file final02.csv (CSV, C-alpha atoms and all ligand atoms)
chain,number,residue,atom,x,y,z
O,827,MET,CA,5.9,-31.3,-44.5
O,828,ASN,CA,7.5,-32.1,-41.2
O,829,ARG,CA,9.6,-29.3,-39.9
O,830,LYS,CA,12.7,-29.9,-37.8
O,831,VAL,CA,11.8,-26.9,-35.5
O,832,ILE,CA,8.9,-24.7,-35.0
O,833,ILE,CA,9.4,-21.6,-32.8
O,834,ILE,CA,6.4,-20.1,-31.1
O,835,GLY,CA,7.0,-16.4,-30.2
O,836,SER,CA,9.2,-13.6,-31.7
O,837,GLY,CA,10.7,-11.6,-28.9
O,838,PRO,CA,14.5,-11.7,-28.2
O,839,ALA,CA,14.2,-15.3,-27.1
O,840,GLY,CA,12.3,-16.6,-30.1
O,841,LEU,CA,14.3,-14.7,-32.7
O,842,THR,CA,17.6,-15.7,-31.2
O,843,ALA,CA,16.4,-19.3,-31.2
O,844,ALA,CA,15.5,-18.6,-34.9
O,845,LEU,CA,18.9,-17.2,-35.7
O,846,TYR,CA,20.8,-20.1,-34.2
O,847,THR,CA,18.6,-22.9,-35.6
O,848,ALA,CA,18.6,-21.2,-39.0
O,849,ARG,CA,22.4,-21.1,-38.9
O,850,ALA,CA,22.4,-24.8,-38.0
O,851,ASN,CA,20.4,-25.5,-41.2
O,852,LEU,CA,17.2,-26.5,-39.3
O,853,ASN,CA,15.0,-24.1,-41.4
O,854,PRO,CA,13.0,-22.8,-38.4
O,855,LEU,CA,9.4,-21.7,-38.8
O,856,VAL,CA,8.6,-18.9,-36.5
O,857,PHE,CA,5.0,-18.0,-35.5
O,858,GLU,CA,5.3,-14.4,-34.4
O,859,GLY,CA,2.1,-14.2,-32.4
O,860,SER,CA,-0.1,-11.2,-32.1
O,861,GLN,CA,2.8,-8.8,-31.0
O,862,PRO,CA,5.7,-9.5,-33.4
O,863,GLY,CA,8.9,-8.6,-31.7
O,864,GLY,CA,7.3,-9.1,-28.3
O,865,GLN,CA,7.4,-6.7,-25.4
O,866,LEU,CA,10.4,-4.7,-26.6
O,867,THR,CA,8.2,-3.3,-29.4
O,868,ILE,CA,6.2,-1.4,-26.8
O,869,THR,CA,9.2,0.1,-25.0
O,870,THR,CA,11.2,3.1,-25.9
O,871,ASP,CA,15.0,3.4,-25.5
O,872,VAL,CA,16.7,0.2,-24.6
O,873,GLU,CA,19.9,1.3,-22.9
O,874,ASN,CA,21.1,-2.0,-21.5
O,875,PHE,CA,21.4,-4.2,-24.5
O,876,PRO,CA,25.2,-4.7,-25.0
O,877,GLY,CA,26.6,-3.5,-28.3
O,878,PHE,CA,24.4,-0.3,-28.5
O,879,PRO,CA,26.4,2.2,-26.4
O,880,ASN,CA,24.0,5.0,-27.3
O,881,GLY,CA,20.9,2.9,-26.8
O,882,ILE,CA,18.4,1.8,-29.4
O,883,MET,CA,14.7,1.9,-29.7
O,884,GLY,CA,13.0,-1.4,-28.8
O,885,PRO,CA,11.1,-1.8,-32.1
O,886,GLU,CA,14.2,-1.1,-34.1
O,887,LEU,CA,16.2,-3.6,-32.1
O,888,MET,CA,13.6,-6.3,-32.8
O,889,GLU,CA,13.7,-5.5,-36.5
O,890,LEU,CA,17.4,-6.1,-36.5
O,891,PHE,CA,16.8,-9.4,-34.6
O,892,ARG,CA,14.3,-10.5,-37.3
O,893,ASP,CA,16.5,-9.4,-40.2
O,894,GLN,CA,19.4,-11.4,-38.8
O,895,ALA,CA,17.4,-14.6,-38.4
O,896,LYS,CA,15.8,-14.2,-41.9
O,897,ARG,CA,19.2,-13.7,-43.4
O,898,PHE,CA,20.0,-17.4,-42.6
O,899,GLY,CA,16.6,-18.7,-43.7
O,900,ALA,CA,14.3,-18.4,-40.8
O,901,GLU,CA,10.7,-18.1,-42.0
O,902,CYS,CA,8.7,-15.7,-39.8
O,903,TYR,CA,4.9,-15.6,-40.0
O,904,PHE,CA,2.6,-13.0,-38.4
O,905,GLU,CA,0.3,-15.8,-37.1
O,906,HIS,CA,-1.0,-16.7,-33.7
O,907,VAL,CA,-0.8,-20.4,-32.6
O,908,THR,CA,-4.2,-21.5,-31.4
O,909,LYS,CA,-3.6,-25.1,-30.3
O,910,VAL,CA,-0.8,-27.6,-29.8
O,911,ASP,CA,-0.6,-31.4,-29.4
O,912,PHE,CA,2.5,-32.7,-27.7
O,913,SER,CA,1.2,-36.2,-27.0
O,914,LYS,CA,2.8,-37.8,-30.0
O,915,LYS,CA,5.7,-37.2,-32.4
O,916,PRO,CA,5.9,-35.3,-34.7
O,917,TYR,CA,4.4,-32.6,-32.5
O,918,SER,CA,1.5,-30.6,-33.9
O,919,VAL,CA,0.8,-26.9,-33.9
O,920,TRP,CA,-2.3,-25.3,-35.2
O,921,VAL,CA,-3.0,-21.8,-36.5
O,922,GLY,CA,-6.8,-21.9,-36.8
O,923,ASP,CA,-7.5,-24.9,-39.0
O,924,LYS,CA,-4.0,-25.1,-40.4
O,925,ASN,CA,-1.9,-27.8,-38.9
O,926,TYR,CA,1.9,-27.8,-38.8
O,927,LYS,CA,4.1,-30.6,-37.6
O,928,ALA,CA,7.7,-30.5,-36.3
O,929,GLU,CA,10.2,-32.8,-34.6
O,930,SER,CA,10.9,-30.2,-32.0
O,931,ILE,CA,9.2,-27.1,-30.7
O,932,ILE,CA,10.8,-24.0,-29.0
O,933,ILE,CA,8.3,-22.1,-26.9
O,934,ALA,CA,9.1,-18.4,-26.5
O,935,THR,CA,5.7,-16.9,-25.9
O,936,GLY,CA,6.8,-14.4,-23.3
O,937,ALA,CA,4.6,-12.6,-20.8
O,938,THR,CA,1.8,-10.0,-21.0
O,939,ALA,CA,1.2,-6.9,-18.9
O,940,LYS,CA,-1.1,-7.4,-15.9
O,941,MET,CA,-4.1,-5.2,-15.3
O,942,LEU,CA,-6.0,-4.3,-12.1
O,943,GLY,CA,-9.1,-6.2,-13.0
O,944,LEU,CA,-11.6,-3.3,-12.7
O,945,GLU,CA,-14.7,-3.2,-14.9
O,946,SER,CA,-14.0,0.4,-15.7
O,947,GLU,CA,-10.4,-0.4,-16.7
O,948,LYS,CA,-11.7,-2.9,-19.3
O,949,GLU,CA,-14.3,-0.5,-20.6
O,950,LEU,CA,-11.9,2.5,-20.9
O,951,MET,CA,-8.9,0.5,-22.3
O,952,GLY,CA,-7.7,2.6,-25.2
O,953,PHE,CA,-9.9,5.5,-24.1
O,954,GLY,CA,-7.6,6.9,-21.4
O,955,VAL,CA,-6.5,3.5,-19.9
O,956,SER,CA,-3.3,2.0,-21.2
O,957,ALA,CA,-0.5,-0.4,-20.4
O,958,CYS,CA,1.9,1.0,-22.9
O,959,ALA,CA,3.3,4.5,-22.5
O,960,THR,CA,5.2,4.2,-25.8
O,961,CYS,CA,2.1,3.4,-27.7
O,962,ASP,CA,-0.2,6.0,-26.1
O,963,GLY,CA,1.9,8.6,-24.4
O,964,PHE,CA,1.7,10.9,-27.4
O,965,PHE,CA,-2.1,11.3,-26.7
O,966,PHE,CA,-1.5,13.0,-23.4
O,967,LYS,CA,0.4,16.1,-24.4
O,968,ASP,CA,0.1,18.7,-21.6
O,969,LYS,CA,-2.2,16.4,-19.7
O,970,LYS,CA,-2.0,14.8,-16.2
O,971,VAL,CA,-1.6,11.1,-16.1
O,972,LEU,CA,-1.2,8.4,-13.4
O,973,VAL,CA,1.1,5.4,-13.5
O,974,VAL,CA,0.2,2.5,-11.3
O,975,GLY,CA,3.0,0.3,-9.9
O,976,GLY,CA,6.3,0.5,-8.0
O,977,GLY,CA,8.7,-1.5,-10.1
O,978,ASP,CA,11.1,-0.7,-12.9
O,979,SER,CA,8.3,-0.6,-15.5
O,980,ALA,CA,6.4,2.0,-13.5
O,981,MET,CA,9.6,4.2,-13.2
O,982,GLU,CA,10.3,3.8,-16.8
O,983,GLU,CA,6.8,4.6,-18.0
O,984,ALA,CA,6.5,7.6,-15.6
O,985,ASN,CA,9.8,9.0,-16.9
O,986,TYR,CA,8.8,8.5,-20.5
O,987,LEU,CA,5.4,10.1,-20.0
O,988,THR,CA,7.0,13.3,-18.8
O,989,LYS,CA,8.0,13.9,-22.4
O,990,PHE,CA,4.4,14.6,-23.1
O,991,ALA,CA,2.4,15.0,-20.0
O,992,SER,CA,2.4,18.2,-17.8
O,993,GLU,CA,2.3,16.0,-14.6
O,994,VAL,CA,2.8,12.3,-13.9
O,995,VAL,CA,1.6,10.8,-10.6
O,996,ILE,CA,2.9,7.4,-9.6
O,997,VAL,CA,0.3,5.5,-7.5
O,998,HIS,CA,1.9,2.8,-5.4
O,999,ARG,CA,0.2,0.5,-2.9
O,1000,ARG,CA,3.2,0.5,-0.5
O,1001,ASP,CA,5.5,3.1,1.1
O,1002,GLU,CA,8.6,2.0,-0.9
O,1003,PHE,CA,9.3,1.1,-4.5
O,1004,ARG,CA,10.7,-2.3,-5.6
O,1005,ALA,CA,12.4,-0.7,-8.6
O,1006,SER,CA,16.2,-0.5,-9.0
O,1007,LYS,CA,17.9,2.4,-7.4
O,1008,ILE,CA,19.0,4.0,-10.7
O,1009,MET,CA,15.4,3.9,-12.0
O,1010,ILE,CA,14.0,5.3,-8.8
O,1011,ASP,CA,16.5,8.1,-8.7
O,1012,ARG,CA,15.7,9.1,-12.3
O,1013,ALA,CA,12.0,9.2,-11.5
O,1014,MET,CA,12.4,11.1,-8.2
O,1015,ASN,CA,14.7,13.7,-9.8
O,1016,ASN,CA,12.2,14.4,-12.5
O,1017,PRO,CA,10.3,17.6,-11.5
O,1018,LYS,CA,7.1,16.5,-13.3
O,1019,ILE,CA,6.8,13.3,-11.3
O,1020,ARG,CA,5.2,13.0,-7.8
O,1021,VAL,CA,4.1,9.9,-5.9
O,1022,LEU,CA,0.9,8.9,-4.1
O,1023,TRP,CA,2.2,6.3,-1.5
O,1024,ASN,CA,0.1,3.7,0.2
O,1025,SER,CA,-2.6,4.2,-2.5
O,1026,SER,CA,-4.6,1.8,-4.6
O,1027,VAL,CA,-6.9,2.6,-7.5
O,1028,GLN,CA,-10.4,1.4,-6.9
O,1029,ASP,CA,-12.2,2.8,-9.9
O,1030,ILE,CA,-11.7,4.8,-13.0
O,1031,PHE,CA,-14.2,7.5,-14.1
O,1032,GLY,CA,-14.7,8.5,-17.6
O,1033,SER,CA,-16.4,7.5,-20.9
O,1034,GLN,CA,-15.4,6.1,-24.3
O,1035,GLU,CA,-16.6,9.4,-25.8
O,1036,LYS,CA,-14.7,11.8,-23.4
O,1037,GLY,CA,-11.9,9.6,-22.0
O,1038,VAL,CA,-10.8,9.4,-18.4
O,1039,HIS,CA,-11.3,12.4,-16.0
O,1040,ALA,CA,-10.6,11.0,-12.5
O,1041,VAL,CA,-9.9,7.8,-10.5
O,1042,LYS,CA,-11.0,6.7,-7.0
O,1043,ILE,CA,-8.0,6.1,-4.7
O,1044,LYS,CA,-8.2,4.2,-1.4
O,1045,LYS,CA,-5.3,4.6,1.0
O,1046,THR,CA,-3.9,1.2,2.0
O,1047,ASP,CA,-2.7,2.5,5.4
O,1048,SER,CA,-6.0,4.0,6.5
O,1049,ASP,CA,-9.7,4.1,5.6
O,1050,GLU,CA,-9.4,7.3,3.6
O,1051,SER,CA,-10.6,7.4,0.0
O,1052,PHE,CA,-10.5,10.3,-2.4
O,1053,GLU,CA,-10.9,11.2,-6.1
O,1054,GLU,CA,-7.8,12.2,-8.0
O,1055,ASP,CA,-8.3,14.1,-11.3
O,1056,CYS,CA,-6.4,12.8,-14.3
O,1057,ASP,CA,-6.7,12.5,-18.1
O,1058,GLY,CA,-5.2,9.1,-18.4
O,1059,ILE,CA,-3.9,6.1,-16.4
O,1060,PHE,CA,-1.1,3.7,-17.3
O,1061,MET,CA,-0.9,0.2,-15.7
O,1062,ALA,CA,2.7,-0.9,-14.9
O,1063,ILE,CA,2.1,-3.7,-12.4
O,1064,GLY,CA,4.0,-6.6,-13.8
O,1065,HIS,CA,3.3,-9.4,-16.2
O,1066,LYS,CA,1.7,-12.8,-16.7
O,1067,PRO,CA,3.4,-15.6,-18.6
O,1068,ASN,CA,1.7,-16.5,-21.9
O,1069,THR,CA,1.2,-20.2,-21.1
O,1070,ASP,CA,-2.6,-20.8,-21.5
O,1071,LEU,CA,-1.9,-22.9,-24.6
O,1072,PHE,CA,0.2,-25.4,-22.6
O,1073,ASN,CA,-2.1,-25.9,-19.6
O,1074,ASP,CA,-2.1,-29.5,-18.5
O,1075,LEU,CA,0.6,-30.3,-21.1
O,1076,LEU,CA,3.8,-28.8,-19.6
O,1077,ASP,CA,5.0,-28.4,-16.1
O,1078,MET,CA,4.4,-24.9,-14.7
O,1079,ASP,CA,5.2,-23.2,-11.4
O,1080,GLU,CA,2.4,-21.7,-9.2
O,1081,ASN,CA,2.4,-18.5,-11.3
O,1082,GLY,CA,2.1,-20.3,-14.6
O,1083,TYR,CA,5.7,-19.9,-15.8
O,1084,LEU,CA,7.0,-23.0,-17.7
O,1085,VAL,CA,9.5,-25.0,-15.7
O,1086,THR,CA,12.7,-25.9,-17.4
O,1087,LYS,CA,15.3,-28.4,-16.2
O,1088,ASN,CA,18.4,-26.9,-14.4
O,1089,ASP,CA,20.8,-25.1,-16.6
O,1090,SER,CA,18.9,-25.9,-19.8
O,1091,THR,CA,15.7,-25.1,-21.7
O,1092,LEU,CA,14.3,-28.6,-21.5
O,1093,THR,CA,10.7,-29.0,-20.4
O,1094,ASN,CA,9.1,-32.2,-19.1
O,1095,ILE,CA,8.5,-33.4,-22.7
O,1096,ASP,CA,11.3,-34.5,-24.9
O,1097,GLY,CA,11.9,-32.2,-27.8
O,1098,ILE,CA,9.9,-29.3,-26.4
O,1099,PHE,CA,12.0,-26.4,-25.2
O,1100,ALA,CA,11.1,-23.1,-23.5
O,1101,CYS,CA,13.1,-19.9,-23.4
O,1102,GLY,CA,12.7,-16.2,-22.4
O,1103,ASP,CA,10.2,-14.6,-20.2
O,1104,VAL,CA,7.7,-17.6,-20.4
O,1105,GLN,CA,10.1,-19.5,-18.2
O,1106,ASP,CA,12.0,-16.7,-16.4
O,1107,HIS,CA,10.3,-14.7,-13.7
O,1108,VAL,CA,13.6,-13.7,-12.2
O,1109,TYR,CA,15.8,-11.8,-14.7
O,1110,ARG,CA,13.3,-10.9,-17.5
O,1111,GLN,CA,15.7,-8.9,-19.5
O,1112,ALA,CA,16.1,-8.8,-23.3
O,1113,ILE,CA,19.7,-10.0,-23.0
O,1114,THR,CA,18.8,-12.9,-20.7
O,1115,ALA,CA,15.9,-13.8,-23.0
O,1116,ALA,CA,18.2,-13.8,-26.0
O,1117,GLY,CA,20.7,-15.9,-24.1
O,1118,SER,CA,18.1,-18.5,-23.2
O,1119,GLY,CA,16.9,-18.4,-26.8
O,1120,CYS,CA,20.4,-19.4,-27.9
O,1121,MET,CA,20.4,-22.2,-25.3
O,1122,SER,CA,17.1,-23.6,-26.6
O,1123,ALA,CA,18.4,-23.6,-30.2
O,1124,ILE,CA,21.5,-25.6,-29.1
O,1125,ASP,CA,19.3,-27.9,-26.9
O,1126,ALA,CA,17.0,-28.5,-29.9
O,1127,GLU,CA,19.9,-29.1,-32.3
O,1128,ARG,CA,21.4,-31.7,-29.9
O,1129,TYR,CA,18.1,-33.3,-29.4
O,1130,LEU,CA,17.5,-33.6,-33.2
O,1131,GLU,CA,21.0,-35.1,-33.7
O,1132,SER,CA,20.6,-37.6,-30.9
O,1133,SER,CA,17.1,-38.6,-32.0
O,1134,SER,CA,18.2,-39.2,-35.6
O,1135,GLU,CA,21.0,-41.6,-34.6
L,1,LIG,P1,7.5,-5.9,-11.0
L,1,LIG,O1,8.9,-5.7,-10.6
L,1,LIG,O2,6.8,-7.2,-10.6
L,1,LIG,O3,6.7,-4.7,-10.2
L,1,LIG,C1,5.3,-4.7,-10.2
L,1,LIG,C2,4.8,-3.5,-9.4
L,1,LIG,O4,3.4,-3.4,-9.5
L,1,LIG,C3,5.2,-3.7,-7.9
L,1,LIG,O5,5.6,-2.5,-7.4
L,1,LIG,C4,3.9,-4.2,-7.3
L,1,LIG,O6,3.7,-3.7,-6.0
L,1,LIG,C5,2.8,-3.5,-8.2
L,1,LIG,N1,1.6,-4.3,-8.3
L,1,LIG,C6,1.5,-5.5,-8.7
L,1,LIG,N2,0.2,-5.9,-8.7
L,1,LIG,C7,-0.5,-4.8,-8.3
L,1,LIG,C8,-1.9,-4.6,-8.1
L,1,LIG,N3,-2.8,-5.5,-8.4
L,1,LIG,N4,-2.3,-3.4,-7.7
L,1,LIG,C9,-1.3,-2.4,-7.5
L,1,LIG,N5,0.0,-2.5,-7.7
L,1,LIG,C10,0.4,-3.8,-8.1
L,1,LIG,O7,7.2,-5.6,-12.5
L,1,LIG,P2,7.9,-4.7,-13.5
L,1,LIG,O8,8.1,-3.3,-13.0
L,1,LIG,O9,7.1,-4.8,-14.8
L,1,LIG,O10,9.3,-5.3,-13.8
L,1,LIG,C11,9.4,-6.7,-14.1
L,1,LIG,C12,10.9,-7.0,-14.4
L,1,LIG,O11,11.4,-6.3,-15.5
L,1,LIG,C13,11.8,-6.6,-13.2
L,1,LIG,O12,12.8,-7.6,-13.1
L,1,LIG,C14,12.4,-5.3,-13.7
L,1,LIG,O13,13.7,-5.1,-13.2
L,1,LIG,C15,12.5,-5.6,-15.2
L,1,LIG,N6,12.4,-4.3,-15.9
L,1,LIG,C16,13.6,-3.6,-16.2
L,1,LIG,C17,13.6,-2.4,-16.8
L,1,LIG,C18,15.0,-1.7,-17.1
L,1,LIG,O14,15.9,-2.1,-16.5
L,1,LIG,N7,15.0,-0.8,-18.0
L,1,LIG,C19,12.4,-1.8,-17.2
L,1,LIG,C20,11.2,-2.5,-16.9
L,1,LIG,C21,11.3,-3.7,-16.3
L,1,LIG,P3,4.5,-4.3,-4.8
L,1,LIG,O15,5.9,-3.7,-4.9
L,1,LIG,O16,3.8,-3.9,-3.6
L,1,LIG,O17,4.5,-5.8,-5.0
call {"tool": "encode", "arguments": {"input": "final02.csv", "output": "structure tokens"}}
result
Amino acid sequence: MNRKVIIIGSGPAGLTAALYTARANLNPLVFEGSQPGGQLTITTDVENFPGFPNGIMGPELMELFRDQAKRFGAECYFEHVTKVDFSKKPYSVWVGDKNYKAESIIIATGATAKMLGLESEKELMGFGVSACATCDGFFFKDKKVLVVGGGDSAMEEANYLTKFASEVVIVHRRDEFRASKIMIDRAMNNPKIRVLWNSSVQDIFGSQEKGVHAVKIKKTDSDESFEEDCDGIFMAIGHKPNTDLFNDLLDMDENGYLVTKNDSTLTNIDGIFACGDVQDHVYRQAITAAGSGCMSAIDAERYLESSSE
């Protein structure tokens, strides 16, 4: 059966697109991907989503998004899209061997946490190395942990980890943070947090049996290197857009973000729309992602109307 709309991704952008297209009677099919609910499911308190004056937990907010979209008929599947073909209409989407066709596609695949790229980081991932304080912070009760990065994510992760850890050390490669003032102030006023400035992590020491016990730090403003003891290390160094599926198919910028036409969610292919973090490297907020998800639904609805005339 040909669908009117298939939505790939289920963060604030994808599920808002699902809500709007469902209410427009377009019966959207949502492929949720490997992390249903997207990045908000690995955050804690969301304090800046309007309508929740006391804040709300990220996973709970995404449950509400999903329930609201389903109420109007959106079908959400916990499936990961493995291939697409946008060369002819209807467009094709595969989940393994299963093929789905739709007249329009909304891409809301978001972005994924970046890692340092060390061998030891890969080997010890889940054994003392993490990119998600919400998921793993609990395992570091009364322990010392490091957080790598100098943006809002690093501040947020560091603050959150102080709920469990006895000490949190932020390791930053420069001598100033890029995070917003309010987030920096909160971290700097937390007595459990200190900072290693001008420092980069070169190696992580530990084993899958015993976890992490130290890292090698190299100063970025001198030749000095030293070992810093710790029980865990959290990466908070930004994100990469999830666009591998669309290589050579859709226009991307130099960092791999999908390019959309000014003031719209239109990509370079008619009937293919992109919304949320996969096309936004500037704002990257739940509320802006939701806003662009709404735009993509309206763009898709108008496209479907005009192509059926
Ligand atoms: P970001 O702003 O891009 O910051 C990444 C940080 O990691 C930077 O400090 C960067 O250092 C450092 N870094 C990058 N690659 C590195 C490497 N290979 N080795 C060592 N350090 C590295 O990313 P983000 O903190 O994830 O934030 C992304 C966006 O989400 C921002 O717009 C942010 O405002 C937003 N956000 C908001 C909230 C909130 O408001 N509650 C929470 C989280 C995120 P340099 O500074 O030297 O480049």
call {"tool": "residues_near_ligand", "arguments": {"input": "final02.csv", "ligand": "ligand LIG 1 (chain L)", "cutoff": "10 Å", "atoms": "only C-alpha atoms and all ligand atoms", "output": "PyMOL selection string"}}
result
chain O and resi 866+869-875+938-943+973-983+997-1006+1008-1009+1024-1028+1061-1066+1103+1106-1112
call {"tool": "atom_distance", "arguments": {"input": "final02.csv", "atom1": "atom CA of O:Pro916", "atom2": "atom CA of O:Glu929"}}
result
5.0 Å
call {"tool": "closest_residue", "arguments": {"input": "final02.csv", "among": "O:Ile996, O:Leu1092, O:Met1121, O:Ile832", "to": "O:Val907", "atoms": "all atoms listed in the file"}}
result
O:Ile832
call {"tool": "residues_around", "arguments": {"input": "final02.csv", "residues": "O:Tyr1129", "least_positions_apart": "5", "cutoff": "12 Å", "atoms": "all atoms listed in the file", "output": "VMD selection string"}}
result
chain O and resid 830 to 831 929 to 932 1091 to 1092 1095 to 1099 1122 to 1124 1134 to 1135
call {"tool": "atom_distance", "arguments": {"input": "final02.csv", "atom1": "atom CA of O:Gly1058", "atom2": "atom CA of O:Leu972"}}
result
6.4 Å
call {"tool": "residues_around", "arguments": {"input": "final02.csv", "residues": "O:His1039", "least_positions_apart": "3", "cutoff": "7 Å", "atoms": "all atoms listed in the file", "output": "PyMOL selection string"}}
result
chain O and resi 1031-1032+1055-1057
call {"tool": "closest_residue", "arguments": {"input": "final02.csv", "among": "O:Ala848, O:Ile882, O:Glu1131, O:Gly1102", "to": "O:Gly835", "atoms": "only C-alpha atoms"}}
result
O:Gly1102
call {"tool": "residues_around", "arguments": {"input": "final02.csv", "residues": "stretch 1070-1087 of chain O", "least_positions_apart": "4", "cutoff": "7 Å", "atoms": "only C-alpha atoms", "output": "count of residues only"}}
result
8
call {"tool": "atom_distance", "arguments": {"input": "final02.csv", "atom1": "atom CA of O:Glu858", "atom2": "atom CA of O:Glu1127"}}
result
20.8 Å
call {"tool": "closest_residue", "arguments": {"input": "final02.csv", "among": "O:Gln865, O:Lys896, O:Arg1128, O:Ser946", "to": "O:Cys961", "atoms": "all atoms listed in the file"}}
result
O:Gln865
call {"tool": "residues_around", "arguments": {"input": "final02.csv", "residues": "stretch 893-895 of chain O", "least_positions_apart": "3", "cutoff": "6 Å", "atoms": "only C-alpha atoms", "output": "list in words"}}
result
Ala844, Leu845, Leu890, Phe898 and Ala900 of chain O
call {"tool": "residues_around", "arguments": {"input": "final02.csv", "residues": "O:Asn1015", "least_positions_apart": "5", "cutoff": "10 Å", "atoms": "all atoms listed in the file", "output": "list in words"}}
result
Asn985, Ile1010 and Arg1020 of chain O
call {"tool": "closest_residue", "arguments": {"input": "final02.csv", "among": "O:Phe891, O:Ser836, O:Arg829, O:Glu945", "to": "O:Val919", "atoms": "all atoms listed in the file"}}
result
O:Arg829
call {"tool": "residues_near_point", "arguments": {"input": "final02.csv", "point": "(-9.5, 7.6, -9.9)", "cutoff": "6 Å", "atoms": "all atoms listed in the file", "output": "MDAnalysis selection string"}}
result
chainID O and resid 1029:1030 1040:1043 1053:1054
call {"tool": "build_atoms", "arguments": {"input": "final02.csv", "residues": "stretch 1115-1128 of chain O", "atoms": "N, CA, C and O atoms", "output": "compact mmCIF listing (two decimals), in the frame of the given file"}}
result
# COMPACT_ATOMS: atom_id res chain seq x y z
N ALA O 1115 16.81 -13.13 -22.09
CA ALA O 1115 15.90 -13.80 -23.00
C ALA O 1115 16.61 -14.32 -24.22
O ALA O 1115 16.48 -15.47 -24.64
N ALA O 1116 17.42 -13.42 -24.79
CA ALA O 1116 18.20 -13.80 -26.00
C ALA O 1116 19.14 -14.94 -25.66
O ALA O 1116 19.26 -15.90 -26.43
N GLY O 1117 19.78 -14.85 -24.50
CA GLY O 1117 20.70 -15.90 -24.10
C GLY O 1117 19.99 -17.25 -23.98
O GLY O 1117 20.49 -18.28 -24.45
N SER O 1118 18.81 -17.26 -23.38
CA SER O 1118 18.10 -18.50 -23.20
C SER O 1118 17.55 -19.01 -24.58
O SER O 1118 17.39 -20.21 -24.81
N GLY O 1119 17.28 -18.05 -25.49
CA GLY O 1119 16.90 -18.40 -26.80
C GLY O 1119 17.99 -19.19 -27.54
O GLY O 1119 17.77 -20.21 -28.22
N CYS O 1120 19.20 -18.72 -27.35
CA CYS O 1120 20.40 -19.40 -27.90
C CYS O 1120 20.51 -20.79 -27.30
O CYS O 1120 20.73 -21.78 -28.01
N MET O 1121 20.33 -20.87 -25.97
CA MET O 1121 20.40 -22.20 -25.30
C MET O 1121 19.38 -23.15 -25.87
O MET O 1121 19.67 -24.33 -26.12
N SER O 1122 18.16 -22.66 -26.12
CA SER O 1122 17.10 -23.60 -26.60
C SER O 1122 17.42 -24.07 -27.99
O SER O 1122 17.13 -25.22 -28.32
N ALA O 1123 18.04 -23.21 -28.81
CA ALA O 1123 18.40 -23.60 -30.20
C ALA O 1123 19.47 -24.75 -30.09
O ALA O 1123 19.39 -25.76 -30.80
N ILE O 1124 20.44 -24.56 -29.21
CA ILE O 1124 21.50 -25.60 -29.10
C ILE O 1124 20.91 -26.86 -28.49
O ILE O 1124 21.21 -27.96 -28.94
N ASP O 1125 20.01 -26.71 -27.51
CA ASP O 1125 19.30 -27.90 -26.90
C ASP O 1125 18.55 -28.63 -28.01
O ASP O 1125 18.58 -29.86 -28.09
N ALA O 1126 17.84 -27.86 -28.86
CA ALA O 1126 17.00 -28.50 -29.90
C ALA O 1126 17.90 -29.19 -30.93
O ALA O 1126 17.63 -30.31 -31.36
N GLU O 1127 18.99 -28.53 -31.29
CA GLU O 1127 19.90 -29.10 -32.30
C GLU O 1127 20.47 -30.45 -31.77
O GLU O 1127 20.50 -31.44 -32.49
N ARG O 1128 20.88 -30.44 -30.50
CA ARG O 1128 21.40 -31.70 -29.90
C ARG O 1128 20.38 -32.77 -29.83
O ARG O 1128 20.65 -33.94 -30.07
